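What follows is a short report on a single structure.
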Amino acid sequence: MSFDQLQAELEQRKAESLYRRRRVLEGAQGPEVQVDGRRYLAFCSNDYLSLANHPEVIAAMHAGAERFGVGGGASHLVNGHSTAHHALEEALAEFTGRERVLLFSTGYMANLGAINALLGKQDAIYQDRLNHASLLDAGLLSGARFQRYLHNDAGSLAQRLGGTAARRTLVVTDGVFSMDGDLADLPALSRVTREAGGWLMVDDAHGFGCLGRGGRGIVDHFGLGHDEVPVLVGTLGKAFGTAGAFVAGSETLIETLIQFARTYIYTTSMPPAVAWATLTSLELLEREDWRRERLTALIRRFRDGCEQLGLELMDSPTPIQPVLVGESDRAMAMSAALEEQGIFVTAIRPPTVPAGSARLRVTLCAEHTEEQVDRLLDGLDRARKAVA
Ligand SMILES: *Cc1c(COP(=O)(O)O)cnc(C)c1O
């Protein structure tokens with residue numbers, strides 16, 4: 001057997017401007033990054049609160065490694081569940097106002113594990129068509145009857161929910177949509193879901209830290225709670241600046257996940273020092289409102305600037321501020337033109353986003369300066385003219 005067929009598929013991807021290449025960062029994440037010996041102004045990380053390289057978080061990681069060593073050593077159910085993991089679960093339960101929290105090693109695994117612990121073939125799952133890939137994959141894997149509804153459209157969801165004979169019904173949505181930056185209409189989605197007797201699961205990977213009181217996320221932003229959103233997922237690799245993820249909910253939900261979530265049971269626990277560091281990043285995230293205030297100011301400055309330049313944005317009040325471009329080759333060319341000016345912005349292309357909606361996914365973080373945002377605006381204007 002040869003690899004010719006695979007090679008042909010790779011060539012096809014290149015021809016369609018869909019080929020992905022990795023860039024090698026030579027230092028920490030931040031408003032500026034070093035790549036190939038050159039410094040770039042970067043607008044592509046999800047480190048919204050600039051905590052990934054925060055000295056106190058780094059110090060906590062050191063202290064955690066001193067106390068707990070490096071590796072988790074075993075799965076949580078064998079003997080890999082440490083004081084560090086346990087303390088973080090308790091702190092996150094208090095933060096989210098839920099009875100309990102369960103840590104997972106990544107957000108992808110949290111979604112795969114939670115959905116598959118809750119649903120089987122007798123059940124039904126309904127998902128926003130723009131949900132994160134990990135949610136869509138989890139739904140397919142579960143074997144439940146799977147339907148997608150129109151983006152953020154509670155009416156479309158209600159139509160599909162009618163007359164289901166499923167044992168259990170789970171409605172799943174991103175809180176903040178990861179490639180668009182818009183907010184799920186949780187008040188309407190939760191109403192429709194409850195009327196149908198279902199459960200609503202929200203993956204708030206991009207809302208925690210950015211929205212709500214003290215960064216408590218989109219559920220808090222809308223003044224909702226456990227009854228409206230019984231299954232709440234957060235990830236730690238974005239605004240928290242560390243790594244991992246969690247599911248928050250009732251005692252019964254969390255015990256169910258401990259018993260049945262295969263991505264929890266059959267994997268080594270995250271390095272305990274990461275959990276230890278996350279306790280510090282949680283404190284900073286909750287306490288330092290100035291980070292959210294700065295973001296709000298930067299978002300306003302960026303959106304105003306784009307409007308003046310006639311650049312097309314999406315309906316986003318969050319640090320995710322995609323500039324809509326359309327075709328993949330054009331998005332790639334604009335990204336390359338920005339790079340020539342020393343500015344890093346990733347082009348996001350299908351299949352991550354729908355065909356014809358390639359975009360430059362600009363993300364802002366708390367430690368960007370106004371001057372840096374102005375440089376980005378100027379760079380976008382030049383890039384657009386360069387590829388026109
Ligand atoms: C990033 C992301 C995930 C995956 O989280 P990881 O911890 O990076 O695996 C899940 N859901 C959404 C909405 C995300 O944006």
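Every chain in the structure tokens takes a letter, A first, then B, and so on in the order presented; its residues are numbered from 1, and the ligands are numbered from 1 following the presented order.
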How would you report the residues lying within 7 Å of ligand 1, as a compact mmCIF listing (two decimals) with C-alpha atoms, in the first residue's frame, if you count only C-alpha atoms and all ligand atoms?
```txt
# COMPACT_ATOMS: atom_id res chain seq x y z
CA THR A 106 -8.94 19.22 27.84
CA GLY A 107 -12.16 20.85 26.69
CA TYR A 108 -12.41 18.39 23.84
CA MET A 109 -12.38 15.54 26.35
CA ASN A 131 -21.06 24.67 17.66
CA HIS A 132 -17.43 23.80 18.33
CA SER A 134 -15.72 18.82 19.90
CA ASP A 174 -21.44 27.25 22.63
CA PHE A 177 -19.33 31.18 19.54
CA SER A 178 -15.66 30.49 19.07
CA ASP A 203 -19.88 25.19 26.57
CA ASP A 204 -18.64 28.57 27.75
CA ALA A 205 -15.00 28.15 26.72
CA HIS A 206 -14.80 31.79 25.60
CA THR A 235 -12.11 25.39 29.57
CA LEU A 236 -8.95 26.49 31.33
CA GLY A 237 -6.72 27.02 28.29
CA ALA A 243 -4.82 24.09 30.51
CA GLY A 244 -7.67 21.66 31.05
CA ALA A 245 -11.41 21.98 31.41
```
Residues at most 10 Å from A:Leu380, counting only C-alpha atoms, excluding those fewer than 6 positions away in the same chain, as a compact mmCIF listing (two decimals) with N, CA, C and O atoms, in the first residue's frame?
```txt
# COMPACT_ATOMS: atom_id res chain seq x y z
N CYS A 306 -12.68 49.81 12.70
CA CYS A 306 -13.09 48.99 11.54
C CYS A 306 -14.26 49.65 10.81
O CYS A 306 -14.34 49.64 9.58
N LEU A 309 -13.06 52.29 8.64
CA LEU A 309 -12.35 51.77 7.47
C LEU A 309 -13.28 51.00 6.53
O LEU A 309 -12.86 50.59 5.45
N LEU A 311 -14.46 47.98 7.19
CA LEU A 311 -14.18 46.54 7.29
C LEU A 311 -15.37 45.84 7.92
O LEU A 311 -15.97 46.36 8.87
N VAL A 323 -12.71 39.61 11.29
CA VAL A 323 -12.93 40.47 10.14
C VAL A 323 -13.31 39.55 8.98
O VAL A 323 -12.51 38.71 8.56
N MET A 334 -4.43 38.18 2.86
CA MET A 334 -4.46 39.29 3.83
C MET A 334 -3.63 38.95 5.07
O MET A 334 -2.91 39.80 5.60
N SER A 335 -3.73 37.70 5.51
CA SER A 335 -2.94 37.27 6.66
C SER A 335 -1.44 37.40 6.35
O SER A 335 -0.65 37.88 7.18
N ALA A 337 -0.09 39.43 4.12
CA ALA A 337 0.25 40.85 4.01
C ALA A 337 0.42 41.48 5.39
O ALA A 337 1.28 42.35 5.60
N LEU A 338 -0.38 41.02 6.35
CA LEU A 338 -0.21 41.51 7.73
C LEU A 338 1.11 41.03 8.30
O LEU A 338 1.83 41.79 8.97
N GLN A 341 4.01 42.99 7.60
CA GLN A 341 4.10 44.20 8.41
C GLN A 341 4.42 43.89 9.88
O GLN A 341 4.32 44.77 10.73
N ILE A 343 2.69 41.69 11.80
CA ILE A 343 1.47 41.49 12.59
C ILE A 343 0.92 40.09 12.31
O ILE A 343 0.76 39.70 11.15
N VAL A 345 -2.13 37.58 12.47
CA VAL A 345 -3.56 37.32 12.63
C VAL A 345 -3.86 36.07 11.80
O VAL A 345 -3.52 36.02 10.63
N LEU A 360 -10.41 36.73 9.10
CA LEU A 360 -9.24 36.94 9.94
C LEU A 360 -9.77 36.97 11.37
O LEU A 360 -10.55 37.85 11.73
N ASP A 374 -4.27 50.33 17.24
CA ASP A 374 -4.20 51.26 16.11
C ASP A 374 -3.27 50.73 15.01
O ASP A 374 -3.56 50.88 13.83
N ALA A 386 -3.41 45.92 -0.37
CA ALA A 386 -2.37 45.12 -1.02
C ALA A 386 -2.95 43.92 -1.78
O ALA A 386 -2.41 43.52 -2.81
```
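In this structure, atom CA of A:Phe302 sits 14.5 Å away from atom CA of A:Cys44.
Taking only C-alpha atoms into account, A:Lys238 lies nearest to A:Ile320 out of the set A:Glu283, A:Ile320, A:Gly97, A:Thr193.
Residues of stretch 170-330 of chain A assigned to strand (DSSP E) by DSSP on this structure's backbone: Leu170, Val171, Val172, Thr173, Asp174, Trp199, Leu200, Met201, Val202, Asp203, Val231, Leu232, Val233, Gly234, Thr235, Ala245, Phe246, Val247, Ala248, Gly249, Ile320, Gln321, Pro322, Val323, Leu324, Val325 and Gly326 of chain A.
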### Task
Pick out the residues sitting within 7 Å of stretch 218-224 of chain A, and hand them over as JSON, numbers by chain; count only C-alpha atoms, and ignore anything fewer than 4 positions along from it in its own chain.
{"A": [175, 204, 207, 211, 212, 213, 228]}
Residues near stretch 264-281 of chain A, cut-off 8 Å, only C-alpha atoms, skip fewer than 5 positions along chain, as a PDB file with N, CA, C and O atoms, in the first residue's frame:
```pdb
ATOM      1  N   LEU A  51      -3.164  35.986  31.148  1.00  0.00           N
ATOM      2  CA  LEU A  51      -2.734  35.265  32.349  1.00  0.00           C
ATOM      3  C   LEU A  51      -1.762  34.119  32.038  1.00  0.00           C
ATOM      4  O   LEU A  51      -1.137  33.579  32.951  1.00  0.00           O
ATOM      5  N   GLU A  56       2.619  35.595  38.748  1.00  0.00           N
ATOM      6  CA  GLU A  56       2.052  34.873  39.907  1.00  0.00           C
ATOM      7  C   GLU A  56       1.569  33.476  39.516  1.00  0.00           C
ATOM      8  O   GLU A  56       1.627  32.539  40.324  1.00  0.00           O
ATOM      9  N   VAL A  57       1.087  33.342  38.296  1.00  0.00           N
ATOM     10  CA  VAL A  57       0.625  32.026  37.841  1.00  0.00           C
ATOM     11  C   VAL A  57       1.835  31.118  37.613  1.00  0.00           C
ATOM     12  O   VAL A  57       1.827  29.937  37.971  1.00  0.00           O
ATOM     13  N   ILE A  58       2.887  31.706  37.057  1.00  0.00           N
ATOM     14  CA  ILE A  58       4.126  30.939  36.850  1.00  0.00           C
ATOM     15  C   ILE A  58       4.703  30.493  38.197  1.00  0.00           C
ATOM     16  O   ILE A  58       5.104  29.333  38.370  1.00  0.00           O
ATOM     17  N   ALA A  59       4.684  31.403  39.174  1.00  0.00           N
ATOM     18  CA  ALA A  59       5.208  31.052  40.502  1.00  0.00           C
ATOM     19  C   ALA A  59       4.390  29.916  41.114  1.00  0.00           C
ATOM     20  O   ALA A  59       4.937  29.000  41.748  1.00  0.00           O
ATOM     21  N   ALA A  60       3.076  29.950  40.920  1.00  0.00           N
ATOM     22  CA  ALA A  60       2.211  28.895  41.466  1.00  0.00           C
ATOM     23  C   ALA A  60       2.509  27.562  40.777  1.00  0.00           C
ATOM     24  O   ALA A  60       2.482  26.506  41.416  1.00  0.00           O
ATOM     25  N   MET A  61       2.822  27.645  39.482  1.00  0.00           N
ATOM     26  CA  MET A  61       3.163  26.408  38.753  1.00  0.00           C
ATOM     27  C   MET A  61       4.461  25.811  39.310  1.00  0.00           C
ATOM     28  O   MET A  61       4.556  24.598  39.528  1.00  0.00           O
ATOM     29  N   HIS A  62       5.440  26.682  39.585  1.00  0.00           N
ATOM     30  CA  HIS A  62       6.690  26.225  40.207  1.00  0.00           C
ATOM     31  C   HIS A  62       6.400  25.547  41.550  1.00  0.00           C
ATOM     32  O   HIS A  62       6.867  24.443  41.817  1.00  0.00           O
ATOM     33  N   ALA A  63       5.624  26.249  42.368  1.00  0.00           N
ATOM     34  CA  ALA A  63       5.320  25.732  43.714  1.00  0.00           C
ATOM     35  C   ALA A  63       4.578  24.403  43.608  1.00  0.00           C
ATOM     36  O   ALA A  63       4.848  23.466  44.370  1.00  0.00           O
ATOM     37  N   GLY A  64       3.660  24.320  42.639  1.00  0.00           N
ATOM     38  CA  GLY A  64       2.903  23.080  42.448  1.00  0.00           C
ATOM     39  C   GLY A  64       3.812  21.936  42.043  1.00  0.00           C
ATOM     40  O   GLY A  64       3.669  20.802  42.521  1.00  0.00           O
ATOM     41  N   ALA A  65       4.783  22.239  41.181  1.00  0.00           N
ATOM     42  CA  ALA A  65       5.703  21.183  40.732  1.00  0.00           C
ATOM     43  C   ALA A  65       6.590  20.724  41.893  1.00  0.00           C
ATOM     44  O   ALA A  65       6.877  19.537  42.041  1.00  0.00           O
ATOM     45  N   PHE A  68       3.999  18.636  44.130  1.00  0.00           N
ATOM     46  CA  PHE A  68       3.303  17.471  43.581  1.00  0.00           C
ATOM     47  C   PHE A  68       4.098  16.754  42.494  1.00  0.00           C
ATOM     48  O   PHE A  68       3.630  15.757  41.950  1.00  0.00           O
ATOM     49  N   GLY A  69       5.250  17.296  42.136  1.00  0.00           N
ATOM     50  CA  GLY A  69       5.999  16.700  41.031  1.00  0.00           C
ATOM     51  C   GLY A  69       5.421  17.128  39.696  1.00  0.00           C
ATOM     52  O   GLY A  69       4.612  18.055  39.638  1.00  0.00           O
ATOM     53  N   VAL A  70       5.814  16.437  38.650  1.00  0.00           N
ATOM     54  CA  VAL A  70       5.398  16.863  37.310  1.00  0.00           C
ATOM     55  C   VAL A  70       4.173  16.092  36.813  1.00  0.00           C
ATOM     56  O   VAL A  70       3.142  16.672  36.524  1.00  0.00           O
ATOM     57  N   GLY A  71       4.270  14.781  36.733  1.00  0.00           N
ATOM     58  CA  GLY A  71       3.172  14.030  36.130  1.00  0.00           C
ATOM     59  C   GLY A  71       2.089  13.660  37.118  1.00  0.00           C
ATOM     60  O   GLY A  71       2.349  13.495  38.308  1.00  0.00           O
ATOM     61  N   GLY A  72       0.847  13.519  36.630  1.00  0.00           N
ATOM     62  CA  GLY A  72      -0.261  13.066  37.463  1.00  0.00           C
ATOM     63  C   GLY A  72      -0.076  11.606  37.887  1.00  0.00           C
ATOM     64  O   GLY A  72      -0.577  11.183  38.926  1.00  0.00           O
ATOM     65  N   GLY A  73       0.580  10.834  37.034  1.00  0.00           N
ATOM     66  CA  GLY A  73       0.981   9.486  37.420  1.00  0.00           C
ATOM     67  C   GLY A  73      -0.036   8.386  37.227  1.00  0.00           C
ATOM     68  O   GLY A  73       0.331   7.214  37.107  1.00  0.00           O
ATOM     69  N   ALA A  74      -1.308   8.723  37.220  1.00  0.00           N
ATOM     70  CA  ALA A  74      -2.371   7.717  37.055  1.00  0.00           C
ATOM     71  C   ALA A  74      -3.673   8.450  36.755  1.00  0.00           C
ATOM     72  O   ALA A  74      -3.734   9.681  36.836  1.00  0.00           O
ATOM     73  N   SER A  75      -4.701   7.687  36.436  1.00  0.00           N
ATOM     74  CA  SER A  75      -6.011   8.324  36.227  1.00  0.00           C
ATOM     75  C   SER A  75      -6.590   8.722  37.590  1.00  0.00           C
ATOM     76  O   SER A  75      -6.140   8.249  38.637  1.00  0.00           O
ATOM     77  N   HIS A  76      -7.602   9.571  37.554  1.00  0.00           N
ATOM     78  CA  HIS A  76      -8.223  10.044  38.807  1.00  0.00           C
ATOM     79  C   HIS A  76      -8.782   8.890  39.633  1.00  0.00           C
ATOM     80  O   HIS A  76      -8.762   8.932  40.856  1.00  0.00           O
ATOM     81  N   LEU A  77      -9.311   7.866  38.975  1.00  0.00           N
ATOM     82  CA  LEU A  77      -9.968   6.781  39.722  1.00  0.00           C
ATOM     83  C   LEU A  77      -8.973   5.743  40.221  1.00  0.00           C
ATOM     84  O   LEU A  77      -9.332   4.888  41.014  1.00  0.00           O
ATOM     85  N   GLY A  80      -4.420   9.025  40.754  1.00  0.00           N
ATOM     86  CA  GLY A  80      -3.908  10.277  40.185  1.00  0.00           C
ATOM     87  C   GLY A  80      -4.667  11.520  40.604  1.00  0.00           C
ATOM     88  O   GLY A  80      -4.463  12.588  40.030  1.00  0.00           O
ATOM     89  N   HIS A  81      -5.580  11.387  41.578  1.00  0.00           N
ATOM     90  CA  HIS A  81      -6.398  12.543  41.991  1.00  0.00           C
ATOM     91  C   HIS A  81      -5.760  13.186  43.215  1.00  0.00           C
ATOM     92  O   HIS A  81      -5.782  12.623  44.303  1.00  0.00           O
ATOM     93  N   SER A  82      -5.170  14.387  43.026  1.00  0.00           N
ATOM     94  CA  SER A  82      -4.400  14.991  44.127  1.00  0.00           C
ATOM     95  C   SER A  82      -5.155  16.124  44.811  1.00  0.00           C
ATOM     96  O   SER A  82      -6.201  16.583  44.335  1.00  0.00           O
ATOM     97  N   ALA A  84      -4.298  19.092  44.720  1.00  0.00           N
ATOM     98  CA  ALA A  84      -4.365  20.221  43.786  1.00  0.00           C
ATOM     99  C   ALA A  84      -5.626  20.127  42.931  1.00  0.00           C
ATOM    100  O   ALA A  84      -6.372  21.109  42.781  1.00  0.00           O
ATOM    101  N   HIS A  85      -5.891  18.947  42.373  1.00  0.00           N
ATOM    102  CA  HIS A  85      -7.105  18.764  41.569  1.00  0.00           C
ATOM    103  C   HIS A  85      -8.354  19.015  42.413  1.00  0.00           C
ATOM    104  O   HIS A  85      -9.283  19.697  41.983  1.00  0.00           O
ATOM    105  N   ALA A  87      -8.766  20.700  45.219  1.00  0.00           N
ATOM    106  CA  ALA A  87      -8.956  22.096  45.632  1.00  0.00           C
ATOM    107  C   ALA A  87      -9.475  22.933  44.464  1.00  0.00           C
ATOM    108  O   ALA A  87     -10.321  23.819  44.647  1.00  0.00           O
ATOM    109  N   LEU A  88      -8.976  22.658  43.266  1.00  0.00           N
ATOM    110  CA  LEU A  88      -9.448  23.432  42.109  1.00  0.00           C
ATOM    111  C   LEU A  88     -10.915  23.107  41.822  1.00  0.00           C
ATOM    112  O   LEU A  88     -11.705  24.013  41.520  1.00  0.00           O
ATOM    113  N   ALA A  91     -12.926  25.087  44.293  1.00  0.00           N
ATOM    114  CA  ALA A  91     -12.915  26.529  44.007  1.00  0.00           C
ATOM    115  C   ALA A  91     -13.794  26.850  42.796  1.00  0.00           C
ATOM    116  O   ALA A  91     -14.509  27.864  42.770  1.00  0.00           O
ATOM    117  N   PHE A 104     -11.395  17.903  33.695  1.00  0.00           N
ATOM    118  CA  PHE A 104     -10.971  17.056  32.580  1.00  0.00           C
ATOM    119  C   PHE A 104      -9.641  17.605  32.064  1.00  0.00           C
ATOM    120  O   PHE A 104      -9.300  18.754  32.312  1.00  0.00           O
ATOM    121  N   SER A 105      -8.922  16.773  31.278  1.00  0.00           N
ATOM    122  CA  SER A 105      -7.609  17.209  30.801  1.00  0.00           C
ATOM    123  C   SER A 105      -7.685  18.240  29.688  1.00  0.00           C
ATOM    124  O   SER A 105      -6.760  19.030  29.513  1.00  0.00           O
ATOM    125  N   MET A 109     -12.052  16.743  25.574  1.00  0.00           N
ATOM    126  CA  MET A 109     -12.381  15.539  26.347  1.00  0.00           C
ATOM    127  C   MET A 109     -13.571  15.765  27.265  1.00  0.00           C
ATOM    128  O   MET A 109     -14.373  14.842  27.487  1.00  0.00           O
ATOM    129  N   ALA A 110     -13.720  16.947  27.812  1.00  0.00           N
ATOM    130  CA  ALA A 110     -14.874  17.245  28.674  1.00  0.00           C
ATOM    131  C   ALA A 110     -16.165  17.083  27.862  1.00  0.00           C
ATOM    132  O   ALA A 110     -17.133  16.460  28.312  1.00  0.00           O
ATOM    133  N   GLY A 113     -16.700  13.401  26.832  1.00  0.00           N
ATOM    134  CA  GLY A 113     -17.029  12.592  28.005  1.00  0.00           C
ATOM    135  C   GLY A 113     -18.428  12.881  28.528  1.00  0.00           C
ATOM    136  O   GLY A 113     -19.194  11.951  28.823  1.00  0.00           O
ATOM    137  N   LEU A 236      -9.948  25.757  30.561  1.00  0.00           N
ATOM    138  CA  LEU A 236      -8.946  26.494  31.333  1.00  0.00           C
ATOM    139  C   LEU A 236      -7.810  27.013  30.450  1.00  0.00           C
ATOM    140  O   LEU A 236      -6.960  27.774  30.897  1.00  0.00           O
ATOM    141  N   PHE A 240      -8.369  31.554  31.392  1.00  0.00           N
ATOM    142  CA  PHE A 240      -7.644  31.151  32.603  1.00  0.00           C
ATOM    143  C   PHE A 240      -6.130  31.090  32.349  1.00  0.00           C
ATOM    144  O   PHE A 240      -5.344  31.113  33.291  1.00  0.00           O
ATOM    145  N   GLY A 241      -5.747  30.933  31.093  1.00  0.00           N
ATOM    146  CA  GLY A 241      -4.326  30.977  30.754  1.00  0.00           C
ATOM    147  C   GLY A 241      -3.544  29.721  31.106  1.00  0.00           C
ATOM    148  O   GLY A 241      -2.315  29.717  31.031  1.00  0.00           O
ATOM    149  N   THR A 242      -4.233  28.627  31.508  1.00  0.00           N
ATOM    150  CA  THR A 242      -3.481  27.412  31.863  1.00  0.00           C
ATOM    151  C   THR A 242      -3.860  26.287  30.893  1.00  0.00           C
ATOM    152  O   THR A 242      -3.612  26.435  29.696  1.00  0.00           O
ATOM    153  N   ALA A 243      -4.438  25.198  31.389  1.00  0.00           N
ATOM    154  CA  ALA A 243      -4.825  24.094  30.512  1.00  0.00           C
ATOM    155  C   ALA A 243      -5.826  23.218  31.237  1.00  0.00           C
ATOM    156  O   ALA A 243      -5.809  23.140  32.469  1.00  0.00           O
ATOM    157  N   GLY A 244      -6.679  22.553  30.475  1.00  0.00           N
ATOM    158  CA  GLY A 244      -7.673  21.664  31.054  1.00  0.00           C
ATOM    159  C   GLY A 244      -9.072  22.207  30.877  1.00  0.00           C
ATOM    160  O   GLY A 244      -9.279  23.179  30.137  1.00  0.00           O
ATOM    161  N   LEU A 257     -20.842  11.508  35.772  1.00  0.00           N
ATOM    162  CA  LEU A 257     -19.649  11.645  34.920  1.00  0.00           C
ATOM    163  C   LEU A 257     -18.483  10.833  35.478  1.00  0.00           C
ATOM    164  O   LEU A 257     -17.732  10.212  34.730  1.00  0.00           O
ATOM    165  N   ILE A 258     -18.320  10.840  36.799  1.00  0.00           N
ATOM    166  CA  ILE A 258     -17.215  10.070  37.390  1.00  0.00           C
ATOM    167  C   ILE A 258     -17.378   8.587  37.060  1.00  0.00           C
ATOM    168  O   ILE A 258     -16.412   7.895  36.749  1.00  0.00           O
ATOM    169  N   GLN A 259     -18.626   8.107  37.074  1.00  0.00           N
ATOM    170  CA  GLN A 259     -18.857   6.682  36.805  1.00  0.00           C
ATOM    171  C   GLN A 259     -18.811   6.341  35.323  1.00  0.00           C
ATOM    172  O   GLN A 259     -18.380   5.259  34.953  1.00  0.00           O
TER     173      GLN A 259
END
```
### Message
For A:Arg330, find every residue with an atom within 12 Å (counting only C-alpha atoms), except residues of its own chain fewer than 6 positions away, and show them as an MDAnalysis selection string.
### Response
chainID A and resid 16:18 324 336:337 347:349 356:360 383:388
Once you have the residues from the selection above, write them out as a PDB file, in the first residue's frame, restricted to C-alpha atoms.
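Result file follows (result-v4.pdb):
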```pdb
ATOM      1  CA  GLU A  16      -7.936  25.073  -2.354  1.00  0.00           C
ATOM      2  CA  SER A  17      -5.990  27.421  -0.034  1.00  0.00           C
ATOM      3  CA  LEU A  18      -7.041  25.189   2.865  1.00  0.00           C
ATOM      4  CA  LEU A 324     -15.053  38.801   7.473  1.00  0.00           C
ATOM      5  CA  ALA A 336       0.363  37.105   4.709  1.00  0.00           C
ATOM      6  CA  ALA A 337       0.247  40.855   4.007  1.00  0.00           C
ATOM      7  CA  ALA A 347      -6.942  33.227   8.687  1.00  0.00           C
ATOM      8  CA  ILE A 348      -9.756  30.857   9.649  1.00  0.00           C
ATOM      9  CA  ARG A 349     -11.059  28.838   6.724  1.00  0.00           C
ATOM     10  CA  GLY A 356     -17.424  31.509   1.690  1.00  0.00           C
ATOM     11  CA  SER A 357     -17.008  32.926   5.198  1.00  0.00           C
ATOM     12  CA  ALA A 358     -13.242  32.774   5.636  1.00  0.00           C
ATOM     13  CA  ARG A 359     -12.127  35.415   8.069  1.00  0.00           C
ATOM     14  CA  LEU A 360      -9.242  36.936   9.940  1.00  0.00           C
ATOM     15  CA  ALA A 383      -3.375  44.500   3.784  1.00  0.00           C
ATOM     16  CA  ARG A 384      -6.766  45.019   2.208  1.00  0.00           C
ATOM     17  CA  LYS A 385      -5.321  47.448  -0.335  1.00  0.00           C
ATOM     18  CA  ALA A 386      -2.367  45.117  -1.021  1.00  0.00           C
ATOM     19  CA  VAL A 387      -4.606  42.177  -1.956  1.00  0.00           C
ATOM     20  CA  ALA A 388      -7.365  44.168  -3.687  1.00  0.00           C
TER      21      ALA A 388
END
```
## Note on the structure
Counting only C-alpha atoms, closest pick from A:Leu170, A:Ile254, A:Ala196, A:Ala184 relative to A:Leu150 is A:Ala184
### Task
Just list the residues in stretch 43-282 of chain A DSSP gives alpha helix (DSSP H) on the backbone, as a PyMOL selection string.
chain A and resi 55-68+83-96+107-118+133-142+154-161+186-195+218-221+251-260+262-265+272-282
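You can rank A:Met1, A:Ala158, A:Ala28, A:Ala333 by their closest distance to A:Arg194 using only C-alpha atoms, and at the top of that list sits A:Ala158.
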### Query
Do you know which residues are at most 12 Å from A:Leu136 counting only C-alpha atoms, after dropping those on the same chain fewer than 4 positions away, and could you put them as a PyMOL selection string?
chain A and resi 108+111-112+115-116+125-132+140-144+146-148+171-174+203+352
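Going from atom CA of A:Gly249 to atom CA of A:Val229 covers 8.7 Å.
Take atom CA of A:Phe246 and atom CA of A:Glu94: the distance between them is 13.0 Å.
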### Task
Excluding A:Glu293 and residues on its chain fewer than 5 positions from it, collect all residues at most 10 Å away from it, counting only C-alpha atoms, and give them as a list in words.
Cys210, Glu288, Leu298, Ile299 and Ala366 of chain A
